[in-house]
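As provided, my_file_3.txt (compact mmCIF, C-alpha atoms) reads as follows.
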# COMPACT_ATOMS: atom_id res chain seq x y z
CA MET J 1 16.44 2.14 -14.57
CA ASP J 2 17.63 -1.06 -16.24
CA ILE J 3 16.01 -3.23 -13.58
CA LEU J 4 12.61 -1.63 -14.29
CA LYS J 5 12.93 -2.05 -18.06
CA GLU J 6 13.98 -5.66 -17.58
CA CYS J 7 10.99 -6.36 -15.32
CA ILE J 8 8.60 -4.76 -17.83
CA LEU J 9 9.99 -6.61 -20.84
CA ARG J 10 10.42 -9.95 -19.06
CA GLU J 11 7.25 -10.03 -16.95
CA GLY J 12 4.84 -7.40 -18.30
CA LYS J 13 1.83 -8.58 -20.26
CA SER J 14 0.25 -6.37 -22.87
CA LEU J 15 -3.51 -6.89 -22.96
CA PRO J 16 -6.14 -5.65 -25.41
CA GLY J 17 -7.36 -2.11 -24.76
CA GLY J 18 -3.99 -0.56 -24.01
CA LEU J 19 -3.61 -2.38 -20.70
CA LEU J 20 -0.20 -3.37 -19.35
CA LYS J 21 -0.34 -6.01 -16.64
CA VAL J 22 2.63 -5.81 -14.28
CA ASP J 23 1.20 -7.89 -11.46
CA SER J 24 4.41 -9.79 -10.79
CA PHE J 25 6.45 -6.80 -9.62
CA LEU J 26 4.26 -3.69 -9.09
CA ASN J 27 0.49 -4.19 -8.85
CA HIS J 28 -0.01 -7.40 -6.89
CA GLN J 29 3.39 -8.87 -6.11
CA LEU J 30 6.15 -6.37 -5.27
CA ASN J 31 9.79 -6.89 -6.23
CA PRO J 32 11.82 -5.56 -3.26
CA ARG J 33 14.99 -4.74 -5.25
CA LEU J 34 12.97 -2.91 -7.88
CA MET J 35 11.18 -0.91 -5.18
CA LYS J 36 14.52 0.19 -3.70
CA ALA J 37 15.89 1.14 -7.12
CA VAL J 38 12.73 3.07 -7.99
CA ALA J 39 13.02 5.14 -4.80
CA GLU J 40 16.68 5.91 -5.44
CA GLU J 41 15.90 7.03 -8.97
CA PHE J 42 13.03 9.29 -7.87
CA ALA J 43 15.19 10.80 -5.12
CA GLN J 44 17.91 11.55 -7.65
CA ARG J 45 15.55 13.06 -10.22
CA PHE J 46 13.93 15.35 -7.64
CA ALA J 47 17.16 16.11 -5.75
CA ASP J 48 17.17 19.68 -7.07
CA THR J 49 13.90 20.56 -5.36
CA SER J 50 12.74 20.47 -1.75
CA PHE J 51 9.60 18.92 -0.38
CA ASN J 52 8.45 17.78 3.04
CA LYS J 53 5.84 15.16 2.20
CA VAL J 54 5.21 12.37 -0.30
CA LEU J 55 1.66 11.89 -1.54
CA THR J 56 0.18 8.88 -3.33
CA ILE J 57 -3.09 7.01 -3.92
CA GLU J 58 -3.94 3.61 -2.45
CA ALA J 59 -3.22 0.83 -3.16
CA SER J 60 -0.54 0.39 -5.84
CA GLY J 61 1.03 3.81 -5.24
CA ILE J 62 1.83 3.02 -1.63
CA ALA J 63 4.91 0.86 -2.28
CA PRO J 64 6.92 3.27 -4.47
CA ALA J 65 5.84 6.30 -2.41
CA LEU J 66 6.76 4.65 0.88
CA MET J 67 10.20 3.72 -0.42
CA VAL J 68 10.82 7.37 -1.35
CA GLY J 69 9.59 8.53 2.06
CA VAL J 70 11.80 6.05 3.91
CA LEU J 71 14.84 6.94 1.80
CA LEU J 72 14.38 10.68 2.42
CA ASP J 73 12.91 10.37 5.94
CA LEU J 74 9.66 12.07 4.97
CA PRO J 75 6.05 11.25 5.87
CA VAL J 76 3.96 9.58 3.18
CA VAL J 77 0.23 10.19 2.85
CA PHE J 78 -1.90 7.81 0.84
CA ILE J 79 -5.14 9.23 -0.53
CA LYS J 80 -8.09 6.90 0.04
CA LYS J 81 -10.42 5.74 -2.68
CA LYS J 82 -13.30 5.49 -0.23
CA LYS J 83 -13.84 7.89 2.65
CA PRO J 84 -13.67 6.00 5.96
CA HIS J 85 -16.49 6.93 8.34
CA THR J 86 -13.85 7.88 10.92
CA MET J 87 -12.45 10.61 8.60
CA GLU J 88 -14.13 13.81 9.64
CA GLN J 89 -12.75 16.78 7.73
CA ALA J 90 -11.59 15.80 4.26
CA PHE J 91 -10.64 17.19 0.90
CA THR J 92 -12.54 15.15 -1.69
CA THR J 93 -12.80 14.79 -5.43
CA GLN J 94 -13.90 12.19 -7.95
CA VAL J 95 -11.86 10.31 -10.50
CA PHE J 96 -12.85 7.99 -13.32
CA SER J 97 -10.52 5.08 -14.02
CA PHE J 98 -10.48 3.88 -17.62
CA THR J 99 -8.61 0.74 -16.55
CA LYS J 100 -11.22 -0.22 -13.96
CA GLN J 101 -14.14 1.51 -15.69
CA GLN J 102 -15.36 2.97 -12.43
CA THR J 103 -15.54 6.23 -10.52
CA SER J 104 -13.83 6.56 -7.13
CA ASP J 105 -14.23 9.23 -4.49
CA LEU J 106 -10.73 10.30 -3.48
CA SER J 107 -10.46 11.50 0.12
CA LEU J 108 -7.61 13.14 1.98
CA SER J 109 -7.92 14.17 5.61
CA ARG J 110 -7.43 17.90 6.18
CA GLU J 111 -5.12 16.94 9.05
CA PHE J 112 -2.41 15.75 6.69
CA LEU J 113 -2.16 18.40 3.97
CA SER J 114 -1.99 22.16 4.46
CA ALA J 115 -0.77 25.35 2.82
CA ALA J 116 2.57 24.86 4.55
CA ASP J 117 3.28 21.63 2.65
CA ARG J 118 5.46 21.14 -0.41
CA VAL J 119 4.56 17.73 -1.81
CA LEU J 120 5.93 15.23 -4.28
CA PHE J 121 3.24 13.00 -5.79
CA ILE J 122 4.31 9.43 -6.62
CA ASP J 123 2.17 6.82 -8.37
CA ASP J 124 2.60 3.50 -10.12
CA PHE J 125 1.09 4.44 -13.51
CA LEU J 126 0.46 7.52 -15.61
CA ALA J 127 -2.08 6.84 -18.35
CA CYS J 128 -4.44 9.64 -19.39
CA GLY J 129 -3.69 11.62 -16.25
CA ASN J 130 -7.16 11.54 -14.68
CA ALA J 131 -5.93 10.38 -11.28
CA ALA J 132 -3.06 12.88 -11.26
CA LEU J 133 -5.40 15.76 -12.11
CA ALA J 134 -7.75 14.68 -9.33
CA VAL J 135 -4.81 14.71 -6.92
CA LEU J 136 -3.90 18.17 -8.16
CA SER J 137 -7.41 19.28 -7.19
CA LEU J 138 -6.89 17.93 -3.64
CA ILE J 139 -3.53 19.71 -3.38
CA GLU J 140 -5.14 22.94 -4.59
CA GLN J 141 -7.98 22.56 -2.08
CA ALA J 142 -5.36 22.31 0.66
CA GLY J 143 -3.46 25.31 -0.70
CA ALA J 144 -0.31 23.14 -0.69
CA SER J 145 2.50 23.37 -3.26
CA LEU J 146 3.21 20.57 -5.71
CA VAL J 147 6.90 20.23 -6.60
CA GLY J 148 6.39 17.45 -9.16
CA MET J 149 4.87 14.12 -10.02
CA GLY J 150 6.80 10.88 -10.42
CA PHE J 151 5.45 7.76 -12.08
CA VAL J 152 7.00 4.32 -12.22
CA ILE J 153 5.49 3.60 -15.66
CA GLU J 154 4.04 6.09 -18.15
CA LYS J 155 1.90 5.01 -21.09
CA ALA J 156 2.88 7.80 -23.49
CA PHE J 157 0.18 6.89 -26.01
CA GLN J 158 -2.49 7.93 -23.51
CA HIS J 159 -1.05 11.47 -23.28
CA GLY J 160 -1.25 12.01 -19.52
CA SER J 161 2.15 13.70 -19.27
CA GLN J 162 1.15 16.20 -21.97
CA GLN J 163 -1.96 17.11 -19.95
CA LEU J 164 0.07 17.56 -16.78
CA ARG J 165 2.89 19.54 -18.41
CA GLU J 166 0.33 21.90 -19.97
CA ARG J 167 -0.63 22.75 -16.39
CA GLY J 168 2.97 23.51 -15.54
CA ILE J 169 3.55 20.31 -13.61
CA ARG J 170 6.98 18.71 -13.63
CA VAL J 171 6.64 15.05 -14.60
CA GLU J 172 9.26 12.33 -14.19
CA SER J 173 8.49 8.83 -15.46
CA LEU J 174 10.96 6.04 -14.87
CA ALA J 175 9.85 3.93 -17.83
CA ILE J 176 7.88 5.17 -20.81
CA ILE J 177 5.78 2.84 -22.97
CA GLU J 178 5.53 4.23 -26.48
CA SER J 179 2.90 1.76 -27.59
CA LEU J 180 1.29 -1.57 -26.86
CA GLU J 181 0.21 -2.10 -30.45
CA ASN J 182 -0.42 -5.72 -31.42
CA CYS J 183 0.08 -6.54 -27.73
CA GLN J 184 3.83 -5.82 -28.11
CA ILE J 185 5.53 -3.67 -25.47
CA HIS J 186 7.52 -0.83 -27.07
CA LEU J 187 9.63 1.01 -24.50
CA ARG J 188 11.11 4.45 -25.19
CA PRO J 189 14.90 3.89 -25.31
CA MET I 1 9.01 -1.10 20.15
CA ASP I 2 9.16 2.15 22.09
CA ILE I 3 8.62 4.23 18.96
CA LEU I 4 5.37 2.37 18.22
CA LYS I 5 4.06 2.75 21.76
CA GLU I 6 4.92 6.44 21.71
CA CYS I 7 3.09 6.94 18.40
CA ILE I 8 0.02 5.13 19.72
CA LEU I 9 -0.12 7.02 23.01
CA ARG I 10 0.73 10.42 21.50
CA GLU I 11 -1.26 10.28 18.27
CA GLY I 12 -3.79 7.45 18.54
CA LYS I 13 -7.43 8.35 19.05
CA SER I 14 -9.76 5.98 20.81
CA LEU I 15 -13.26 6.19 19.31
CA PRO I 16 -16.56 4.69 20.49
CA GLY I 17 -17.14 1.09 19.43
CA GLY I 18 -13.63 -0.17 20.18
CA LEU I 19 -12.05 1.73 17.30
CA LEU I 20 -8.48 3.01 17.46
CA LYS I 21 -7.70 5.68 14.89
CA VAL I 22 -4.02 5.76 13.97
CA ASP I 23 -4.29 7.77 10.79
CA SER I 24 -1.26 9.93 11.47
CA PHE I 25 1.31 7.11 11.32
CA LEU I 26 -0.21 3.86 9.99
CA ASN I 27 -3.56 4.06 8.21
CA HIS I 28 -3.46 7.25 6.13
CA GLN I 29 -0.17 9.00 6.81
CA LEU I 30 2.88 6.75 7.24
CA ASN I 31 5.74 7.53 9.61
CA PRO I 32 8.92 6.42 7.79
CA ARG I 33 11.03 5.81 10.93
CA LEU I 34 8.25 3.79 12.50
CA MET I 35 7.91 1.70 9.35
CA LYS I 36 11.63 0.89 9.40
CA ALA I 37 11.53 0.00 13.09
CA VAL I 38 8.46 -2.18 12.60
CA ALA I 39 10.21 -4.18 9.86
CA GLU I 40 13.34 -4.67 11.99
CA GLU I 41 11.23 -5.92 14.88
CA PHE I 42 9.26 -8.37 12.72
CA ALA I 43 12.49 -9.64 11.14
CA GLN I 44 13.96 -10.24 14.59
CA ARG I 45 10.88 -11.97 15.96
CA PHE I 46 10.65 -14.34 13.00
CA ALA I 47 14.43 -14.80 12.63
CA ASP I 48 14.17 -18.40 13.90
CA THR I 49 11.99 -19.48 11.00
CA SER I 50 12.43 -19.45 7.24
CA PHE I 51 10.04 -18.12 4.66
CA ASN I 52 10.31 -17.02 1.05
CA LYS I 53 7.39 -14.62 0.68
CA VAL I 54 5.57 -11.93 2.65
CA LEU I 55 1.80 -11.75 2.29
CA THR I 56 -0.52 -8.90 3.26
CA ILE I 57 -3.88 -7.30 2.39
CA GLU I 58 -4.31 -3.96 0.65
CA ALA I 59 -4.18 -1.14 1.55
CA SER I 60 -2.88 -0.53 5.10
CA GLY I 61 -0.95 -3.78 5.27
CA ILE I 62 1.22 -2.90 2.30
CA ALA I 63 3.57 -0.52 4.13
CA PRO I 64 4.68 -2.79 7.00
CA ALA I 65 4.77 -5.86 4.73
CA LEU I 66 6.85 -4.09 2.08
CA MET I 67 9.36 -2.91 4.68
CA VAL I 68 9.83 -6.51 5.85
CA GLY I 69 10.20 -7.70 2.25
CA VAL I 70 12.78 -5.03 1.45
CA LEU I 71 14.74 -5.72 4.64
CA LEU I 72 14.87 -9.46 3.96
CA ASP I 73 14.98 -9.21 0.14
CA LEU I 74 11.76 -11.19 -0.29
CA PRO I 75 8.82 -10.64 -2.63
CA VAL I 76 5.67 -9.19 -1.08
CA VAL I 77 2.20 -10.08 -2.32
CA PHE I 78 -0.76 -7.93 -1.40
CA ILE I 79 -4.14 -9.61 -1.49
CA LYS I 80 -6.77 -7.53 -3.28
CA LYS I 81 -10.11 -6.59 -1.80
CA LYS I 82 -11.73 -6.52 -5.22
CA LYS I 83 -10.82 -8.91 -8.02
CA PRO I 84 -9.44 -6.96 -11.00
CA HIS I 85 -10.94 -8.06 -14.33
CA THR I 86 -7.40 -8.77 -15.54
CA MET I 87 -6.87 -11.42 -12.82
CA GLU I 88 -7.68 -14.73 -14.40
CA GLN I 89 -7.00 -17.61 -12.03
CA ALA I 90 -7.48 -16.60 -8.41
CA PHE I 91 -7.91 -17.97 -4.93
CA THR I 92 -10.87 -16.12 -3.41
CA THR I 93 -12.70 -15.84 -0.12
CA GLN I 94 -14.95 -13.39 1.68
CA VAL I 95 -14.30 -11.38 4.81
CA PHE I 96 -16.55 -9.19 6.92
CA SER I 97 -14.96 -6.12 8.47
CA PHE I 98 -16.52 -4.97 11.74
CA THR I 99 -14.63 -1.67 11.47
CA LYS I 100 -16.00 -0.90 8.03
CA GLN I 101 -19.24 -2.89 8.43
CA GLN I 102 -18.86 -4.38 4.98
CA THR I 103 -17.96 -7.61 3.23
CA SER I 104 -15.00 -7.73 0.86
CA ASP I 105 -14.03 -10.39 -1.66
CA LEU I 106 -10.36 -11.17 -1.12
CA SER I 107 -8.53 -12.29 -4.26
CA LEU I 108 -5.05 -13.65 -4.74
CA SER I 109 -3.73 -14.64 -8.15
CA ARG I 110 -2.75 -18.30 -8.40
CA GLU I 111 0.45 -17.12 -10.08
CA PHE I 112 1.83 -15.78 -6.81
CA LEU I 113 1.15 -18.44 -4.19
CA SER I 114 1.79 -22.16 -4.51
CA ALA I 115 2.46 -25.28 -2.46
CA ALA I 116 6.18 -24.51 -2.66
CA ASP I 117 5.77 -21.25 -0.68
CA ARG I 118 6.44 -20.65 3.01
CA VAL I 119 4.78 -17.36 3.84
CA LEU I 120 4.80 -14.79 6.62
CA PHE I 121 1.55 -12.80 6.83
CA ILE I 122 1.90 -9.19 7.98
CA ASP I 123 -0.97 -6.77 8.64
CA ASP I 124 -1.57 -3.45 10.35
CA PHE I 125 -4.27 -4.57 12.82
CA LEU I 126 -5.47 -7.72 14.51
CA ALA I 127 -8.97 -7.30 15.93
CA CYS I 128 -11.33 -10.29 15.95
CA GLY I 129 -9.19 -12.14 13.42
CA ASN I 130 -11.69 -12.32 10.55
CA ALA I 131 -9.26 -11.01 7.96
CA ALA I 132 -6.45 -13.26 9.18
CA LEU I 133 -8.69 -16.34 9.02
CA ALA I 134 -9.74 -15.39 5.50
CA VAL I 135 -6.08 -15.16 4.53
CA LEU I 136 -5.50 -18.57 6.11
CA SER I 137 -8.20 -19.92 3.79
CA LEU I 138 -6.36 -18.48 0.76
CA ILE I 139 -3.06 -19.97 1.95
CA GLU I 140 -4.75 -23.35 2.44
CA GLN I 141 -6.33 -23.15 -1.04
CA ALA I 142 -2.83 -22.65 -2.45
CA GLY I 143 -1.44 -25.51 -0.36
CA ALA I 144 1.24 -23.11 0.89
CA SER I 145 2.75 -23.17 4.40
CA LEU I 146 2.15 -20.36 6.88
CA VAL I 147 5.09 -19.74 9.22
CA GLY I 148 3.36 -17.07 11.27
CA MET I 149 1.36 -13.87 11.38
CA GLY I 150 2.68 -10.49 12.49
CA PHE I 151 0.52 -7.51 13.39
CA VAL I 152 1.60 -3.96 14.11
CA ILE I 153 -1.26 -3.43 16.59
CA GLU I 154 -3.41 -6.06 18.29
CA LYS I 155 -6.65 -5.20 20.05
CA ALA I 156 -6.54 -7.94 22.68
CA PHE I 157 -10.12 -7.30 23.84
CA GLN I 158 -11.41 -8.50 20.46
CA HIS I 159 -9.73 -11.92 20.92
CA GLY I 160 -8.30 -12.41 17.42
CA SER I 161 -4.99 -13.82 18.63
CA GLN I 162 -6.82 -16.43 20.70
CA GLN I 163 -8.73 -17.55 17.60
CA LEU I 164 -5.53 -17.78 15.58
CA ARG I 165 -3.51 -19.59 18.26
CA GLU I 166 -6.31 -22.15 18.65
CA ARG I 167 -5.61 -23.01 15.02
CA GLY I 168 -1.94 -23.48 15.75
CA ILE I 169 -0.84 -20.21 14.20
CA ARG I 170 2.14 -18.35 15.61
CA VAL I 171 1.12 -14.73 16.28
CA GLU I 172 3.47 -11.81 16.97
CA SER I 173 1.95 -8.40 17.74
CA LEU I 174 4.24 -5.41 18.18
CA ALA I 175 1.83 -3.44 20.38
CA ILE I 176 -1.10 -4.89 22.29
CA ILE I 177 -4.08 -2.78 23.33
CA GLU I 178 -5.67 -4.24 26.47
CA SER I 179 -8.70 -2.00 26.32
CA LEU I 180 -10.12 1.20 24.92
CA GLU I 181 -12.63 1.60 27.75
CA ASN I 182 -13.90 5.13 28.28
CA CYS I 183 -11.97 6.08 25.14
CA GLN I 184 -8.68 5.63 27.05
CA ILE I 185 -5.87 3.67 25.40
CA HIS I 186 -4.51 0.96 27.73
CA LEU I 187 -1.39 -0.67 26.31
CA ARG I 188 -0.06 -3.99 27.62
CA PRO I 189 3.29 -3.15 29.28

What is this file in C-alpha cells?
Amino acid sequence: MDILKECILREGKSLPGGLLKVDSFLNHQLNPRLMKAVAEEFAQRFADTSFNKVLTIEASGIAPALMVGVLLDLPVVFIKKKKPHTMEQAFTTQVFSFTKQQTSDLSLSREFLSAADRVLFIDDFLACGNAALAVLSLIEQAGASLVGMGFVIEKAFQHGSQQLRERGIRVESLAIIESLENCQIHLRP
Amino acid sequence: MDILKECILREGKSLPGGLLKVDSFLNHQLNPRLMKAVAEEFAQRFADTSFNKVLTIEASGIAPALMVGVLLDLPVVFIKKKKPHTMEQAFTTQVFSFTKQQTSDLSLSREFLSAADRVLFIDDFLACGNAALAVLSLIEQAGASLVGMGFVIEKAFQHGSQQLRERGIRVESLAIIESLENCQIHLRP
C-alpha cells in the first residue's frame, strides 16, 4: 500500500490529542486512485475467506466499503448513526467516539443482516476499537458471522486491534500508525 | 437506466407523506451493480462538459458520487452535515430536510473548493431542492463553477428540478417519480 503511505505522509496532519487528520483523501475529500487500491488490497487480504456482504458505518466508511463491494460484486450495508423514522425493525447499540466526544446510536435494519450472512466489516479508522465492538454487537444480535475487520488506517497506540484480536476477530489494517508523538507521524514499516 | 427502474419498482416502498423508501439499494444497503451503472450513466450524460471535481453530501450521496469520481479519475468531496471541530476554515450554510424534519449545518472545508474548480454535484435524491440550493450557496461562496447537478432519483411532484432550472442549473435525473399517490410508485416512462 505505497499509495496509502504516501498520502498519509504527504497530506496527513497530526493534531494534539492523538488525532490524525486525513481530510484530503479519506474523510472529506476522497482520492479515487487510493480508493481503488484500498479495495484491491482488502480483497487480496481476505481472499482466503468467503463472505456475502460488506458492512460499514456512515459516513467515512462508505467509500472504502463500497469499493470492496463493487470489486467483489457484493452488497454493502452502511450502519446509520441515527435511526431514521422510516426504519421499523432495527438492531441498535450505542458507541462513544473519543474523536468526536459524543455518543451515537448505531442502527441497522433487520432486513439487511441475518443469521445466514457472513460479513466483512470495513471502516476508515481503527483507534480504540469502540466502533468496531459496537458493530460486533449488531452482528451478534443478527446471529450473523463475522469473517474479519479491515481498516484503512490503524492507530496502534490506541490499542483497538489488541481488543479485537482478544475477541478472536481477524484484523487487517492497511496502514499502521505507531505514534503521533510531538505531532510527527510514525508509520509502521 | 433499466436496472434503476427495476430496483425502484421491485424494492421501493412508497410511504405516506410523499416518501419513497429505497433502503435495499441506495439509502442503507447499496447494490454494487446499480452503483456502477449509475456512474456510467452520469458520466455519459455529462460527457459534453468538463469538470475537475465531484461534490456530494454525506451520507447517501457518497456512493453514487464516488463511483463517478472513480470512473472519471476525479476527486470527490462530501459536504458534512455537522462541522467537525478539526475543520478550521469552512464554507457553511443551513438546510432544512422535509424528510427528516430537521435542520442541518452543511460544512465544506475551504481547502477543497476554490474559484479554480468546475464541479459536478451528485446526490441520491432530488425532492424540493432545498439541499441542492444549499450546495449552490457553498459553491457560490467558494467562487467555483457548477457544471450541473445529477440525481439518482427525482420526485417530480416536489418540484425541485423546476427550482434549480429557474436558476440556470443543468439537472439530470436518472429516474423520475411522477407521483406516489395512494402509495403507488408512478415512474416517468

Considering all atoms listed in the file, give me a table of residues in chain J that are at most 9 Å from chain I, with the closest atom pair and distance in Å for each, as a tab-separated table.
residue	atom	partner	partner_atom	distance
J:Leu15	CA	I:Thr86	CA	8.6
J:Lys21	CA	I:Thr86	CA	7.7
J:Asp23	CA	I:Met87	CA	8.9
J:Ser24	CA	I:Phe112	CA	7.6
J:Phe25	CA	I:Pro75	CA	8.3
J:Asn27	CA	I:Phe78	CA	8.4
J:His28	CA	I:Phe78	CA	5.6
J:Gln29	CA	I:Val77	CA	4.2
J:Leu30	CA	I:Val76	CA	5.1
J:Asn31	CA	I:Pro75	CA	5.3
J:Pro32	CA	I:Val70	CA	4.8
J:Arg33	CA	I:Asp73	CA	7.0
J:Met35	CA	I:Val70	CA	8.0
J:Lys36	CA	I:Val70	CA	7.5
J:Glu58	CA	I:Ala59	CA	6.2
J:Ala59	CA	I:Ala59	CA	5.2
J:Ser60	CA	I:Ala59	CA	8.4
J:Ile62	CA	I:Ala63	CA	7.0
J:Ala63	CA	I:Ala63	CA	6.7
J:Leu66	CA	I:Ala63	CA	6.9
J:Met67	CA	I:Met67	CA	8.4
J:Gly69	CA	I:Pro32	CA	6.1
J:Val70	CA	I:Pro32	CA	4.8
J:Leu71	CA	I:Pro32	CA	8.4
J:Leu72	CA	I:Pro32	CA	8.8
J:Asp73	CA	I:Pro32	CA	5.9
J:Leu74	CA	I:Pro32	CA	6.4
J:Pro75	CA	I:Asn31	CA	5.3
J:Val76	CA	I:Leu30	CA	5.1
J:Val77	CA	I:Gln29	CA	4.2
J:Phe78	CA	I:His28	CA	5.5
J:Ile79	CA	I:His28	CA	7.1
J:Lys80	CA	I:His28	CA	7.7
J:Pro84	CA	I:Lys100	CA	7.6
J:His85	CA	I:Lys100	CA	7.9
J:Thr86	CA	I:Lys21	CA	7.6
J:Met87	CA	I:Asp23	CA	8.9
J:Lys100	CA	I:Pro84	CA	7.6
J:Leu108	CA	I:His28	CA	8.3
J:Ser109	CA	I:His28	CA	8.2
J:Glu111	CA	I:Ser24	CA	8.4
J:Phe112	CA	I:Gln29	CA	7.1

Worksheet item: For Phe96 (chain J), which residue out of J:Arg170, J:Lys81, J:Arg118, J:Arg45 is the nearest one, using all atoms listed in the file?
Response: J:Lys81

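If you look at CA of His159 (chain J) and CA of Leu113 (chain J), they are 28.1 Å away from each other.
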
Worksheet entry | Near-Glu172 (chain J) list (7 Å; all atoms listed in the file; drop same-chain fewer than 4 positions) as a PyMOL selection string | chain J and resi 149-151

Item to complete: Extract, using only C-alpha atoms, all DNA, RNA and protein residues at most 6 Å from Gln158 (chain J), discarding same-chain residues fewer than 2 positions from it, and format them as a PyMOL selection string.
Response: chain J and resi 127-128+155-156+160

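For the set J:Gln163, J:Thr93, J:Ser179, J:Gln101, the residue with the smallest atom-to-atom gap to Ser137 (chain J) is J:Thr93, counting all atoms listed in the file.
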
Item to complete: Write out as JSON, numbers by chain each polymer residue whose atoms come within 7 Å of Leu180 (chain I), counting all atoms listed in the file; drop sequence neighbours fewer than 5 positions from it.
Response: {"I": [14, 18, 185, 186]}

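Rounded to one decimal, CA of Ser145 (chain I) and CA of Glu88 (chain I) lie 23.1 Å from each other.
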
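The gap separating CA of Gly168 (chain I) from CA of Leu146 (chain I) is 10.3 Å, in Å to one decimal.
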
Practice prompt. For Ser50 (chain I), list every protein, DNA or RNA residue within 10 Å, evaluated using all atoms listed in the file, and leave out those in the same chain fewer than 4 positions away; present the list as a PyMOL selection string.
Written response: chain I and resi 46+118-120+147

Item to complete: Please identify all polymer residues lying at most 7 Å from the point (-7.3, 10.1, 22.5) (file coordinates), using only C-alpha atoms, and present the result as an MDAnalysis selection string.
Response: chainID I and resid 12:14 183:184

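You can rank J:Leu136, J:Ile153, J:Leu164, J:Ala142 by their closest distance to Met1 (chain J) using only C-alpha atoms, and at the top of that list sits J:Ile153.
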
Could you list, as a compact mmCIF listing (two decimals) with C-alpha atoms, keeping the file's coordinate frame, every residue within 9 Å of Gly143 (chain J), counting all atoms listed in the file and ignoring same-chain residues fewer than 6 positions away?
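So the final result, stored in part06.txt, reads:
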# COMPACT_ATOMS: atom_id res chain seq x y z
CA LEU J 113 -2.16 18.40 3.97
CA SER J 114 -1.99 22.16 4.46
CA ALA J 115 -0.77 25.35 2.82
CA ALA J 116 2.57 24.86 4.55
CA ASP J 117 3.28 21.63 2.65

Worksheet item: Pick the closest to Leu138 (chain J) from J:Leu187, J:Phe91, J:Leu4, J:Glu166: which is it, counting all atoms listed in the file?
Response: J:Phe91

Axis-aligned box for region 52-63 of chain I, 4 Å per side, centre and edges in Å as lines of an AutoDock Vina configuration file:
center_x = 3.0
center_y = -8.8
center_z = 3.0
size_x = 22.6
size_y = 24.5
size_z = 12.6
